[in-house]
>>> print(open('work_7.cif').read())   # mmCIF, C-alpha atoms
data_run
loop_
_atom_site.group_PDB
_atom_site.id
_atom_site.type_symbol
_atom_site.label_atom_id
_atom_site.label_comp_id
_atom_site.auth_asym_id
_atom_site.auth_seq_id
_atom_site.Cartn_x
_atom_site.Cartn_y
_atom_site.Cartn_z
ATOM 1 C CA MET A 1 -2.376 -65.650 21.802
ATOM 2 C CA GLU A 2 -5.072 -65.304 19.156
ATOM 3 C CA ASP A 3 -5.174 -64.651 15.432
ATOM 4 C CA LEU A 4 -5.716 -61.057 14.369
ATOM 5 C CA LYS A 5 -8.387 -60.515 11.746
ATOM 6 C CA ILE A 6 -9.787 -57.263 10.447
ATOM 7 C CA ILE A 7 -12.132 -57.245 7.495
ATOM 8 C CA GLY A 8 -11.272 -54.372 5.221
ATOM 9 C CA GLU A 9 -13.679 -51.957 3.635
ATOM 10 C CA LYS A 10 -13.523 -49.168 1.123
ATOM 11 C CA ASN A 11 -15.957 -46.512 2.114
ATOM 12 C CA ILE A 12 -15.251 -42.994 3.360
ATOM 13 C CA PHE A 13 -11.915 -44.315 4.577
ATOM 14 C CA PHE A 14 -10.035 -47.333 3.218
ATOM 15 C CA ILE A 15 -9.464 -50.060 5.773
ATOM 16 C CA PRO A 16 -7.062 -52.817 4.694
ATOM 17 C CA ASN A 17 -7.675 -56.537 5.271
ATOM 18 C CA VAL A 18 -5.637 -57.933 8.123
ATOM 19 C CA ASN A 19 -5.073 -61.641 8.664
ATOM 20 C CA PHE A 20 -2.330 -62.620 11.120
ATOM 21 C CA SER A 21 -2.136 -66.326 12.006
ATOM 22 C CA VAL A 22 -0.505 -67.598 15.204
ATOM 23 C CA GLU A 23 -0.496 -71.181 13.911
ATOM 24 C CA THR A 24 1.305 -70.566 10.609
ATOM 25 C CA GLY A 25 3.132 -67.285 11.285
ATOM 26 C CA ILE A 26 1.671 -66.011 8.026
ATOM 27 C CA CYS A 27 0.609 -62.363 8.236
ATOM 28 C CA GLU A 28 -1.351 -60.705 5.456
ATOM 29 C CA LEU A 29 -2.021 -57.003 5.055
ATOM 30 C CA GLU A 30 -3.780 -56.166 1.825
ATOM 31 C CA GLY A 31 -6.154 -53.748 0.145
ATOM 32 C CA GLU A 32 -5.897 -50.002 0.594
ATOM 33 C CA SER A 33 -4.873 -47.944 3.597
ATOM 34 C CA TYR A 34 -6.277 -44.467 4.235
ATOM 35 C CA LEU A 35 -7.620 -44.223 7.751
ATOM 36 C CA GLU A 36 -9.324 -41.774 10.050
ATOM 37 C CA ASN A 37 -6.773 -42.517 12.751
ATOM 38 C CA THR A 38 -3.773 -44.247 11.240
ATOM 39 C CA PHE A 39 -1.784 -44.784 14.445
ATOM 40 C CA GLN A 40 -4.778 -46.156 16.330
ATOM 41 C CA PHE A 41 -5.409 -48.665 13.541
ATOM 42 C CA TYR A 42 -1.824 -49.921 13.296
ATOM 43 C CA ALA A 43 -1.072 -50.077 17.054
ATOM 44 C CA PRO A 44 -2.761 -53.504 17.585
ATOM 45 C CA LEU A 45 -0.947 -54.907 14.531
ATOM 46 C CA LEU A 46 2.409 -53.887 15.987
ATOM 47 C CA LYS A 47 1.388 -55.202 19.410
ATOM 48 C CA TRP A 48 0.417 -58.559 17.869
ATOM 49 C CA LEU A 49 3.795 -58.874 16.144
ATOM 50 C CA GLU A 50 5.658 -58.013 19.328
ATOM 51 C CA ASP A 51 3.647 -60.597 21.323
ATOM 52 C CA TYR A 52 4.244 -63.199 18.643
ATOM 53 C CA MET A 53 7.978 -62.599 18.767
ATOM 54 C CA VAL A 54 8.084 -63.041 22.536
ATOM 55 C CA HIS A 55 5.532 -65.816 23.094
ATOM 56 C CA VAL A 56 5.497 -67.855 19.871
ATOM 57 C CA ASN A 57 8.927 -67.153 18.518
ATOM 58 C CA LYS A 58 8.463 -69.005 15.207
ATOM 59 C CA PRO A 59 9.182 -67.851 11.618
ATOM 60 C CA ILE A 60 7.070 -65.006 10.227
ATOM 61 C CA THR A 61 6.090 -64.673 6.584
ATOM 62 C CA PHE A 62 4.611 -61.260 5.950
ATOM 63 C CA HIS A 63 2.574 -60.792 2.759
ATOM 64 C CA PHE A 64 1.886 -57.208 1.796
ATOM 65 C CA GLY A 65 -0.791 -56.791 -0.825
ATOM 66 C CA LEU A 66 -1.374 -53.089 -0.319
ATOM 67 C CA SER A 67 -2.149 -51.385 -3.609
ATOM 68 C CA TYR A 68 -2.612 -47.905 -2.138
ATOM 69 C CA PHE A 69 -1.625 -46.172 1.086
ATOM 70 C CA ASN A 70 -1.482 -42.478 1.976
ATOM 71 C CA THR A 71 1.651 -40.903 3.453
ATOM 72 C CA SER A 72 0.347 -41.221 7.041
ATOM 73 C CA SER A 73 -0.084 -44.975 6.539
ATOM 74 C CA SER A 74 3.387 -45.198 5.028
ATOM 75 C CA ARG A 75 4.860 -44.303 8.386
ATOM 76 C CA SER A 76 2.994 -47.090 10.154
ATOM 77 C CA ILE A 77 3.970 -49.570 7.441
ATOM 78 C CA LEU A 78 7.588 -48.662 8.118
ATOM 79 C CA ASP A 79 6.955 -49.335 11.832
ATOM 80 C CA ILE A 80 5.834 -52.858 10.911
ATOM 81 C CA LEU A 81 8.945 -53.434 8.794
ATOM 82 C CA ASN A 82 11.205 -52.074 11.535
ATOM 83 C CA THR A 83 9.566 -54.430 14.033
ATOM 84 C CA LEU A 84 10.192 -57.364 11.665
ATOM 85 C CA LYS A 85 13.799 -56.265 11.227
ATOM 86 C CA GLN A 86 14.218 -56.197 14.990
ATOM 87 C CA TYR A 87 12.916 -59.781 15.158
ATOM 88 C CA GLU A 88 15.439 -60.839 12.544
ATOM 89 C CA GLN A 89 18.248 -59.198 14.521
ATOM 90 C CA GLN A 90 17.145 -61.151 17.578
ATOM 91 C CA GLY A 91 17.518 -64.371 15.594
ATOM 92 C CA GLY A 92 13.943 -64.692 14.293
ATOM 93 C CA SER A 93 13.223 -65.867 10.765
ATOM 94 C CA VAL A 94 11.461 -63.247 8.631
ATOM 95 C CA THR A 95 10.310 -63.306 5.003
ATOM 96 C CA VAL A 96 8.600 -60.275 3.483
ATOM 97 C CA ASN A 97 6.698 -60.349 0.183
ATOM 98 C CA TRP A 98 4.863 -57.567 -1.631
ATOM 99 C CA ARG A 99 2.432 -58.045 -4.517
ATOM 100 C CA ILE A 100 2.620 -55.170 -7.016
ATOM 101 C CA ARG A 101 0.525 -54.529 -10.128
ATOM 102 C CA ASP A 102 2.878 -54.702 -13.101
ATOM 103 C CA TRP A 103 1.976 -51.139 -14.198
ATOM 104 C CA ASP A 104 2.558 -49.603 -10.778
ATOM 105 C CA GLN A 105 6.038 -48.093 -10.977
ATOM 106 C CA ASP A 106 5.260 -45.719 -8.087
ATOM 107 C CA MET A 107 4.558 -48.679 -5.797
ATOM 108 C CA LYS A 108 7.759 -50.360 -6.978
ATOM 109 C CA GLN A 109 9.662 -47.243 -5.905
ATOM 110 C CA ASP A 110 7.858 -47.048 -2.558
ATOM 111 C CA VAL A 111 8.613 -50.695 -1.802
ATOM 112 C CA GLU A 112 12.287 -50.186 -2.701
ATOM 113 C CA ASP A 113 12.406 -47.267 -0.278
ATOM 114 C CA PHE A 114 10.797 -49.342 2.476
ATOM 115 C CA SER A 115 13.375 -52.044 1.889
ATOM 116 C CA ILE A 116 16.264 -49.548 2.120
ATOM 117 C CA ASP A 117 14.736 -47.859 5.175
ATOM 118 C CA ALA A 118 14.128 -51.014 7.186
ATOM 119 C CA ASN A 119 17.249 -52.693 5.811
ATOM 120 C CA LEU A 120 15.152 -55.751 5.071
ATOM 121 C CA PRO A 121 14.801 -57.562 1.737
ATOM 122 C CA ILE A 122 11.289 -57.369 0.273
ATOM 123 C CA HIS A 123 10.461 -59.908 -2.428
ATOM 124 C CA THR A 124 8.169 -58.324 -4.979
ATOM 125 C CA GLN A 125 5.696 -60.321 -7.029
ATOM 126 C CA ASN A 126 4.151 -58.743 -10.108
ATOM 127 C CA TYR A 127 0.629 -59.544 -11.146
ATOM 128 C CA MET B 1 -33.131 -13.451 -12.663
ATOM 129 C CA ASP B 2 -29.735 -11.893 -12.148
ATOM 130 C CA LYS B 3 -28.707 -14.835 -9.984
ATOM 131 C CA LYS B 4 -29.622 -17.409 -12.637
ATOM 132 C CA LEU B 5 -27.652 -15.606 -15.269
ATOM 133 C CA ASN B 6 -24.643 -15.552 -12.974
ATOM 134 C CA ILE B 7 -24.822 -19.275 -12.377
ATOM 135 C CA LEU B 8 -24.991 -19.909 -16.097
ATOM 136 C CA ALA B 9 -21.965 -17.680 -16.670
ATOM 137 C CA PHE B 10 -20.163 -19.421 -13.825
ATOM 138 C CA ASP B 11 -20.908 -22.853 -15.312
ATOM 139 C CA GLU B 12 -19.771 -21.785 -18.744
ATOM 140 C CA ASN B 13 -16.572 -20.401 -17.331
ATOM 141 C CA LEU B 14 -15.825 -23.657 -15.530
ATOM 142 C CA GLU B 15 -16.153 -25.509 -18.812
ATOM 143 C CA LYS B 16 -14.251 -22.959 -20.839
ATOM 144 C CA ASP B 17 -11.404 -23.135 -18.324
ATOM 145 C CA HIS B 18 -11.281 -26.965 -18.529
ATOM 146 C CA ILE B 19 -12.236 -27.281 -14.879
ATOM 147 C CA LEU B 20 -13.223 -30.852 -14.153
ATOM 148 C CA VAL B 21 -13.729 -30.660 -10.391
ATOM 149 C CA TYR B 22 -14.263 -27.581 -8.291
ATOM 150 C CA TYR B 23 -15.014 -27.552 -4.579
ATOM 151 C CA LYS B 24 -15.024 -24.809 -1.981
ATOM 152 C CA GLY B 25 -16.001 -25.419 1.602
ATOM 153 C CA PRO B 26 -15.011 -27.491 4.631
ATOM 154 C CA PHE B 27 -12.766 -30.467 3.801
ATOM 155 C CA ILE B 28 -14.962 -33.046 5.537
ATOM 156 C CA ASP B 29 -14.170 -36.762 5.120
ATOM 157 C CA THR B 30 -17.453 -37.509 3.345
ATOM 158 C CA VAL B 31 -16.877 -34.718 0.814
ATOM 159 C CA LEU B 32 -13.332 -35.950 0.147
ATOM 160 C CA ALA B 33 -14.695 -39.459 -0.410
ATOM 161 C CA SER B 34 -17.127 -38.150 -3.030
ATOM 162 C CA ILE B 35 -14.452 -36.161 -4.841
ATOM 163 C CA GLY B 36 -12.208 -39.244 -4.689
ATOM 164 C CA ASN B 37 -14.935 -41.389 -6.269
ATOM 165 C CA ARG B 38 -15.407 -38.819 -9.007
ATOM 166 C CA ILE B 39 -11.664 -38.749 -9.722
ATOM 167 C CA ASN B 40 -11.666 -42.524 -10.071
ATOM 168 C CA GLU B 41 -14.271 -42.233 -12.856
ATOM 169 C CA ILE B 42 -12.287 -39.709 -14.896
ATOM 170 C CA GLU B 43 -9.073 -41.406 -15.897
ATOM 171 C CA MET B 44 -8.900 -44.925 -17.325
ATOM 172 C CA ASN B 45 -5.125 -45.429 -17.199
ATOM 173 C CA PRO B 46 -4.665 -47.094 -13.791
ATOM 174 C CA LEU B 47 -1.271 -45.560 -12.975
ATOM 175 C CA LEU B 48 -2.309 -42.048 -14.014
ATOM 176 C CA ASN B 49 -5.570 -42.456 -12.123
ATOM 177 C CA LYS B 50 -3.698 -43.505 -9.000
ATOM 178 C CA LYS B 51 -1.265 -40.599 -9.285
ATOM 179 C CA VAL B 52 -4.115 -38.064 -9.559
ATOM 180 C CA PHE B 53 -6.007 -39.709 -6.692
ATOM 181 C CA SER B 54 -2.967 -39.823 -4.364
ATOM 182 C CA ILE B 55 -2.046 -36.206 -5.052
ATOM 183 C CA PHE B 56 -5.653 -35.087 -4.534
ATOM 184 C CA LEU B 57 -5.792 -36.835 -1.176
ATOM 185 C CA GLU B 58 -2.488 -35.385 0.068
ATOM 186 C CA LEU B 59 -3.555 -31.875 -1.006
ATOM 187 C CA ALA B 60 -6.969 -32.347 0.585
ATOM 188 C CA GLN B 61 -5.519 -33.631 3.851
ATOM 189 C CA ASN B 62 -3.226 -30.613 4.022
ATOM 190 C CA VAL B 63 -6.230 -28.294 3.734
ATOM 191 C CA SER B 64 -8.244 -30.327 6.225
ATOM 192 C CA TYR B 65 -5.413 -30.408 8.805
ATOM 193 C CA TYR B 66 -3.705 -27.080 8.328
ATOM 194 C CA SER B 67 -6.112 -24.480 6.927
ATOM 195 C CA GLU B 68 -6.482 -21.633 9.412
ATOM 196 C CA GLU B 69 -10.117 -21.207 8.445
ATOM 197 C CA ARG B 70 -11.816 -23.998 10.386
ATOM 198 C CA GLU B 71 -15.248 -25.487 10.818
ATOM 199 C CA HIS B 72 -16.157 -27.453 13.927
ATOM 200 C CA HIS B 73 -18.286 -30.561 13.875
ATOM 201 C CA ASP B 74 -19.676 -31.295 17.317
ATOM 202 C CA GLN B 75 -20.845 -34.754 16.314
ATOM 203 C CA LYS B 76 -17.301 -35.910 15.680
ATOM 204 C CA SER B 77 -15.629 -33.457 18.097
ATOM 205 C CA LYS B 78 -13.324 -32.689 15.240
ATOM 206 C CA SER B 79 -12.609 -29.622 13.172
ATOM 207 C CA TYR B 80 -12.061 -29.425 9.439
ATOM 208 C CA GLY B 81 -10.126 -26.858 7.462
ATOM 209 C CA ARG B 82 -11.946 -24.866 4.829
ATOM 210 C CA GLY B 83 -10.471 -24.231 1.429
ATOM 211 C CA SER B 84 -10.809 -24.871 -2.282
ATOM 212 C CA PHE B 85 -9.828 -27.657 -4.614
ATOM 213 C CA LEU B 86 -9.702 -27.699 -8.405
ATOM 214 C CA ILE B 87 -8.731 -30.111 -11.150
ATOM 215 C CA TYR B 88 -8.071 -28.783 -14.637
ATOM 216 C CA ASP B 89 -8.178 -31.234 -17.523
ATOM 217 C CA TRP B 90 -5.805 -30.155 -20.304
ATOM 218 C CA ALA B 91 -4.913 -32.144 -23.416
ATOM 219 C CA SER B 92 -1.427 -32.991 -22.161
ATOM 220 C CA HIS B 93 -1.878 -32.988 -18.376
ATOM 221 C CA TYR B 94 -4.103 -32.666 -15.356
ATOM 222 C CA SER B 95 -3.480 -29.762 -13.041
ATOM 223 C CA LEU B 96 -4.485 -30.004 -9.370
ATOM 224 C CA THR B 97 -4.749 -26.991 -7.087
ATOM 225 C CA SER B 98 -5.644 -26.568 -3.453
ATOM 226 C CA ALA B 99 -6.024 -23.240 -1.686
ATOM 227 C CA ASN B 100 -6.524 -22.182 1.912
ATOM 228 C CA LEU B 101 -5.606 -19.559 4.500
ATOM 229 C CA ILE B 102 -2.333 -19.867 6.378
ATOM 230 C CA LYS B 103 -0.697 -17.774 9.105
ATOM 231 C CA LYS B 104 1.705 -15.245 7.657
ATOM 232 C CA SER B 105 4.580 -16.831 9.577
ATOM 233 C CA TRP B 106 4.057 -20.058 7.588
ATOM 234 C CA ALA B 107 4.414 -18.441 4.172
ATOM 235 C CA THR B 108 8.222 -18.467 4.098
ATOM 236 C CA ILE B 109 8.470 -21.968 5.580
ATOM 237 C CA ILE B 110 6.175 -23.477 2.943
ATOM 238 C CA THR B 111 7.740 -21.513 0.082
ATOM 239 C CA GLU B 112 11.235 -22.605 1.095
ATOM 240 C CA LYS B 113 10.213 -26.246 1.463
ATOM 241 C CA CYS B 114 8.646 -26.278 -2.002
ATOM 242 C CA LYS B 115 11.695 -24.514 -3.487
ATOM 243 C CA LYS B 116 13.956 -27.167 -1.986
ATOM 244 C CA ILE B 117 11.725 -29.967 -3.312
ATOM 245 C CA ASN B 118 11.773 -28.431 -6.806
ATOM 246 C CA SER B 119 15.567 -28.218 -6.771
ATOM 247 C CA LEU B 120 16.126 -31.926 -6.014
ATOM 248 C CA ASP B 121 16.229 -34.874 -8.408
ATOM 249 C CA VAL B 122 14.307 -38.120 -7.875
ATOM 250 C CA ASP B 123 17.042 -39.873 -5.894
ATOM 251 C CA ALA B 124 17.602 -36.895 -3.589
ATOM 252 C CA LEU B 125 13.838 -36.543 -3.052
ATOM 253 C CA ARG B 126 13.520 -40.220 -2.179
ATOM 254 C CA GLN B 127 16.391 -39.912 0.276
ATOM 255 C CA TRP B 128 14.905 -36.822 1.930
ATOM 256 C CA LYS B 129 11.515 -38.506 2.182
ATOM 257 C CA ARG B 130 13.115 -41.478 3.935
ATOM 258 C CA GLU B 131 14.960 -39.168 6.343
ATOM 259 C CA LEU B 132 11.777 -37.303 7.292
ATOM 260 C CA ARG B 133 9.802 -40.524 7.653
ATOM 261 C CA ASN B 134 12.413 -41.808 10.084
ATOM 262 C CA GLN B 135 12.164 -38.833 12.396
ATOM 263 C CA PRO B 136 10.208 -39.422 15.590
ATOM 264 C CA MET B 137 6.690 -37.996 15.626
ATOM 265 C CA HIS B 138 6.162 -34.996 17.862
ATOM 266 C CA GLU B 139 3.014 -34.567 19.895
ATOM 267 C CA GLY B 140 0.031 -33.338 17.931
ATOM 268 C CA GLN B 141 1.633 -34.153 14.582
ATOM 269 C CA LEU B 142 -1.146 -35.086 12.190
ATOM 270 C CA GLY B 143 0.604 -36.547 9.189
ATOM 271 C CA ALA B 144 3.944 -38.037 8.284
ATOM 272 C CA ASN B 145 5.317 -34.693 7.034
ATOM 273 C CA ILE B 146 6.219 -36.207 3.650
ATOM 274 C CA GLY B 147 3.088 -35.338 1.664
ATOM 275 C CA LEU B 148 4.665 -32.562 -0.425
ATOM 276 C CA ILE B 149 7.681 -34.694 -1.374
ATOM 277 C CA ASP B 150 5.432 -37.640 -2.206
ATOM 278 C CA MET B 151 3.323 -35.430 -4.494
ATOM 279 C CA ALA B 152 6.391 -34.142 -6.339
ATOM 280 C CA LEU B 153 7.660 -37.712 -6.808
ATOM 281 C CA LYS B 154 4.332 -39.029 -8.088
ATOM 282 C CA ALA B 155 3.700 -36.051 -10.383
ATOM 283 C CA GLY B 156 7.259 -35.773 -11.628
ATOM 284 C CA SER B 157 6.745 -32.032 -11.922
ATOM 285 C CA PRO B 158 7.445 -29.000 -9.709
ATOM 286 C CA LEU B 159 5.191 -27.682 -6.956
ATOM 287 C CA GLU B 160 3.859 -24.229 -7.796
ATOM 288 C CA VAL B 161 3.250 -21.975 -4.828
ATOM 289 C CA ASP B 162 1.202 -18.805 -4.986
ATOM 290 C CA ILE B 163 0.856 -16.729 -1.836
ATOM 291 C CA THR B 164 -1.316 -13.601 -1.716
ATOM 292 C CA PRO B 165 -1.739 -11.373 1.361
ATOM 293 C CA PHE B 166 -5.263 -11.777 2.768
ATOM 294 C CA ASP B 167 -5.340 -9.575 5.855
ATOM 295 C CA GLU B 168 -3.047 -8.580 8.726
ATOM 296 C CA ASP B 169 -2.659 -12.121 10.071
ATOM 297 C CA TYR B 170 -3.274 -14.459 7.168
ATOM 298 C CA ASP B 171 -2.127 -15.191 3.644
ATOM 299 C CA PHE B 172 -4.049 -16.980 0.927
ATOM 300 C CA PHE B 173 -1.948 -19.996 -0.067
ATOM 301 C CA ALA B 174 -2.468 -21.870 -3.346
ATOM 302 C CA LEU B 175 -0.504 -24.972 -4.259
ATOM 303 C CA SER B 176 -0.624 -26.417 -7.785
ATOM 304 C CA ILE B 177 0.954 -29.393 -9.458
ATOM 305 C CA ASN B 178 0.706 -30.851 -12.963
ATOM 306 C CA VAL B 179 0.449 -34.532 -13.767
ATOM 307 C CA SER B 180 1.443 -35.351 -17.334
ATOM 308 C CA LYS B 181 -0.883 -37.640 -19.277
ATOM 309 C CA THR B 182 2.160 -39.183 -20.932
ATOM 310 C CA ILE B 183 3.666 -41.532 -18.422
ATOM 311 C CA ASN B 184 7.415 -41.693 -18.575
ATOM 312 C CA ASN B 185 9.081 -44.837 -17.283
ATOM 313 C CA ASN B 186 11.706 -42.892 -15.403
ATOM 314 C CA ASN B 187 8.938 -41.090 -13.588
ATOM 315 C CA ILE B 188 10.407 -37.631 -14.018
#
>>> encode(input="work_7.cif", output="structure tokens")
Amino acid sequence: MEDLKIIGEKNIFFIPNVNFSVETGICELEGESYLENTFQFYAPLLKWLEDYMVHVNKPITFHFGLSYFNTSSSRSILDILNTLKQYEQQGGSVTVNWRIRDWDQDMKQDVEDFSIDANLPIHTQNY
Amino acid sequence: MDKKLNILAFDENLEKDHILVYYKGPFIDTVLASIGNRINEIEMNPLLNKKVFSIFLELAQNVSYYSEEREHHDQKSKSYGRGSFLIYDWASHYSLTSANLIKKSWATIITEKCKKINSLDVDALRQWKRELRNQPMHEGQLGANIGLIDMALKAGSPLEVDITPFDEDYDFFALSINVSKTINNNNI
């Protein structure tokens, strides 16, 4: 299994930075998410997590640093959280963090809703 | 000569009416990116800026996906909806409007959905948004089906729907929402 790296860019669409490490189990998804084909972009991320759960089976620490996502992306983000929840239910160790700008009350609300939806605690860090 | 005078009158009207952004045409990705960049230059408060940007993008994606007046781009083998988009800049709030053609059969569905959204409080809206987001996607679905609710939550103000008959098959559908320049901590 290999690391998953995607270098983000903010151009016509907003591609987030992806950095998933097999060695450490640390997964980072940060930047902004507004994509031409949301489901196509997130499919390999979900596939990577599923492979990791089966073949590596070590703790996962997921760091979200998304500062903007459109509603289409929000669905795929929930898919990631649901996959992590599933891992936890199978006995895997999962920690989820989310960095939020201290002024961003809308993001705070969105992250709360993700946490309720996936039934997974999300530790927020203000900056 | 006549034409020039009309353009001048048109420009003056835009200014008089506090119109900050006005676009009519196909909702192509590159155009949306330019409007988005412009929006990001207008408002200095980061939260207000983000609210206006997010609402613009959800409105624009609705036009691009669902407008019945479409323009095909062979290069991308993709079609884009045509419509209009406006931002008014008032002293107390921004007002964002999108407009496009819809099938007559959609008029009631959209009106009812907006009515329901306007009748719910923040907690009920959040719950409904979560319910819809949890539903499985059906084939050909383009978005997450939560754009209207998300807009109402971010704006903290009602969705205003204006539907005018266009011809036998289509209605002209305009959707407006205000974003207050005074940000309230409770969000609504």
>>> interface_residues(input="work_7.cif", of="chain B", to="chain A", cutoff="7 Å", atoms="only C-alpha atoms", output="PyMOL selection string")
chain B and resi 29-30+33+47+130+133+143-144+146-147+154
>>> resolve_selection(input="work_7.cif", expression="the PyMOL selection byres ((chain B and resi 113) around 12)", output="list in words")
Trp106, Ala107, Thr108, Ile109, Ile110, Thr111, Glu112, Cys114, Lys115, Lys116, Ile117, Asn118, Ser119, Leu120, Leu125, Trp128, Asn145, Ile146, Gly147, Leu148, Ile149, Ala152, Pro158, Leu159, Glu160 and Val161 of chain B
>>> write_last_selection(input="work_7.cif", atoms="C-alpha atoms", output="PDB file, keeping the file's coordinate frame")
ATOM      1  CA  TRP B 106       4.057 -20.058   7.588  1.00  0.00           C
ATOM      2  CA  ALA B 107       4.414 -18.441   4.172  1.00  0.00           C
ATOM      3  CA  THR B 108       8.222 -18.467   4.098  1.00  0.00           C
ATOM      4  CA  ILE B 109       8.470 -21.968   5.580  1.00  0.00           C
ATOM      5  CA  ILE B 110       6.175 -23.477   2.943  1.00  0.00           C
ATOM      6  CA  THR B 111       7.740 -21.513   0.082  1.00  0.00           C
ATOM      7  CA  GLU B 112      11.235 -22.605   1.095  1.00  0.00           C
ATOM      8  CA  CYS B 114       8.646 -26.278  -2.002  1.00  0.00           C
ATOM      9  CA  LYS B 115      11.695 -24.514  -3.487  1.00  0.00           C
ATOM     10  CA  LYS B 116      13.956 -27.167  -1.986  1.00  0.00           C
ATOM     11  CA  ILE B 117      11.725 -29.967  -3.312  1.00  0.00           C
ATOM     12  CA  ASN B 118      11.773 -28.431  -6.806  1.00  0.00           C
ATOM     13  CA  SER B 119      15.567 -28.218  -6.771  1.00  0.00           C
ATOM     14  CA  LEU B 120      16.126 -31.926  -6.014  1.00  0.00           C
ATOM     15  CA  LEU B 125      13.838 -36.543  -3.052  1.00  0.00           C
ATOM     16  CA  TRP B 128      14.905 -36.822   1.930  1.00  0.00           C
ATOM     17  CA  ASN B 145       5.317 -34.693   7.034  1.00  0.00           C
ATOM     18  CA  ILE B 146       6.219 -36.207   3.650  1.00  0.00           C
ATOM     19  CA  GLY B 147       3.088 -35.338   1.664  1.00  0.00           C
ATOM     20  CA  LEU B 148       4.665 -32.562  -0.425  1.00  0.00           C
ATOM     21  CA  ILE B 149       7.681 -34.694  -1.374  1.00  0.00           C
ATOM     22  CA  ALA B 152       6.391 -34.142  -6.339  1.00  0.00           C
ATOM     23  CA  PRO B 158       7.445 -29.000  -9.709  1.00  0.00           C
ATOM     24  CA  LEU B 159       5.191 -27.682  -6.956  1.00  0.00           C
ATOM     25  CA  GLU B 160       3.859 -24.229  -7.796  1.00  0.00           C
ATOM     26  CA  VAL B 161       3.250 -21.975  -4.828  1.00  0.00           C
TER      27      VAL B 161
END
>>> atom_distance(input="work_7.cif", atom1="atom CA of Trp90 of chain B", atom2="atom CA of Leu48 of chain B")
13.9 Å
>>> closest_residue(input="work_7.cif", among="B:Phe85, B:Phe53, B:Tyr66, B:Phe173", to="Asn100 of chain B", atoms="all atoms listed in the file")
B:Phe173
>>> resolve_selection(input="work_7.cif", expression="the PyMOL selection byres ((chain B and resi 31) around 12)", output="list of chain:residue names")
A:Asn11, A:Ile12, A:Phe13, B:Tyr22, B:Tyr23, B:Lys24, B:Gly25, B:Pro26, B:Phe27, B:Ile28, B:Asp29, B:Thr30, B:Leu32, B:Ala33, B:Ser34, B:Ile35, B:Gly36, B:Asn37, B:Arg38, B:Leu57, B:Ala60, B:Gln61, B:Ser64, B:Tyr80, B:Arg82, B:Ser84, B:Phe85
>>> closest_residue(input="work_7.cif", among="B:Gln135, B:Thr97, B:Asn45, B:Ser79", to="Ser67 of chain B", atoms="all atoms listed in the file")
B:Ser79
>>> residues_around(input="work_7.cif", residues="Ile122 of chain A", least_positions_apart="2", cutoff="12 Å", atoms="only C-alpha atoms", output="list in words")
Thr61, Phe62, His63, Phe64, Leu81, Leu84, Lys85, Val94, Thr95, Val96, Asn97, Trp98, Arg99, Ile100, Lys108, Gln109, Asp110, Val111, Glu112, Asp113, Phe114, Ser115, Ile116, Asp117, Ala118, Asn119, Leu120, Thr124 and Gln125 of chain A
>>> atom_distance(input="work_7.cif", atom1="atom CA of Gln89 of chain A", atom2="atom CA of Val54 of chain A")
13.5 Å
>>> residues_around(input="work_7.cif", residues="Lys16 of chain B", least_positions_apart="5", cutoff="12 Å", atoms="only C-alpha atoms", output="list of chain:residue names")
B:Ala9, B:Phe10, B:Asp11, B:Tyr88, B:Asp89, B:Trp90
>>> build_atoms(input="work_7.cif", residues="segment 45-52 of chain A", atoms="N, CA, C and O atoms", output="compact mmCIF listing (two decimals), keeping the file's coordinate frame")
# COMPACT_ATOMS: atom_id res chain seq x y z
N LEU A 45 -1.72 -54.05 15.44
CA LEU A 45 -0.95 -54.91 14.53
C LEU A 45 0.49 -55.04 15.04
O LEU A 45 1.07 -56.13 15.07
N LEU A 46 1.03 -53.89 15.46
CA LEU A 46 2.41 -53.89 15.99
C LEU A 46 2.49 -54.68 17.29
O LEU A 46 3.41 -55.44 17.52
N LYS A 47 1.45 -54.51 18.12
CA LYS A 47 1.39 -55.20 19.41
C LYS A 47 1.34 -56.72 19.18
O LYS A 47 2.02 -57.49 19.85
N TRP A 48 0.54 -57.13 18.19
CA TRP A 48 0.42 -58.56 17.87
C TRP A 48 1.78 -59.13 17.47
O TRP A 48 2.19 -60.20 17.94
N LEU A 49 2.48 -58.40 16.61
CA LEU A 49 3.80 -58.87 16.14
C LEU A 49 4.78 -58.98 17.31
O LEU A 49 5.52 -59.97 17.44
N GLU A 50 4.74 -57.99 18.18
CA GLU A 50 5.66 -58.01 19.33
C GLU A 50 5.34 -59.20 20.25
O GLU A 50 6.25 -59.89 20.72
N ASP A 51 4.05 -59.45 20.49
CA ASP A 51 3.65 -60.60 21.32
C ASP A 51 4.08 -61.90 20.68
O ASP A 51 4.56 -62.81 21.36
N TYR A 52 3.89 -61.98 19.37
CA TYR A 52 4.24 -63.20 18.64
C TYR A 52 5.75 -63.48 18.78
O TYR A 52 6.16 -64.62 18.99
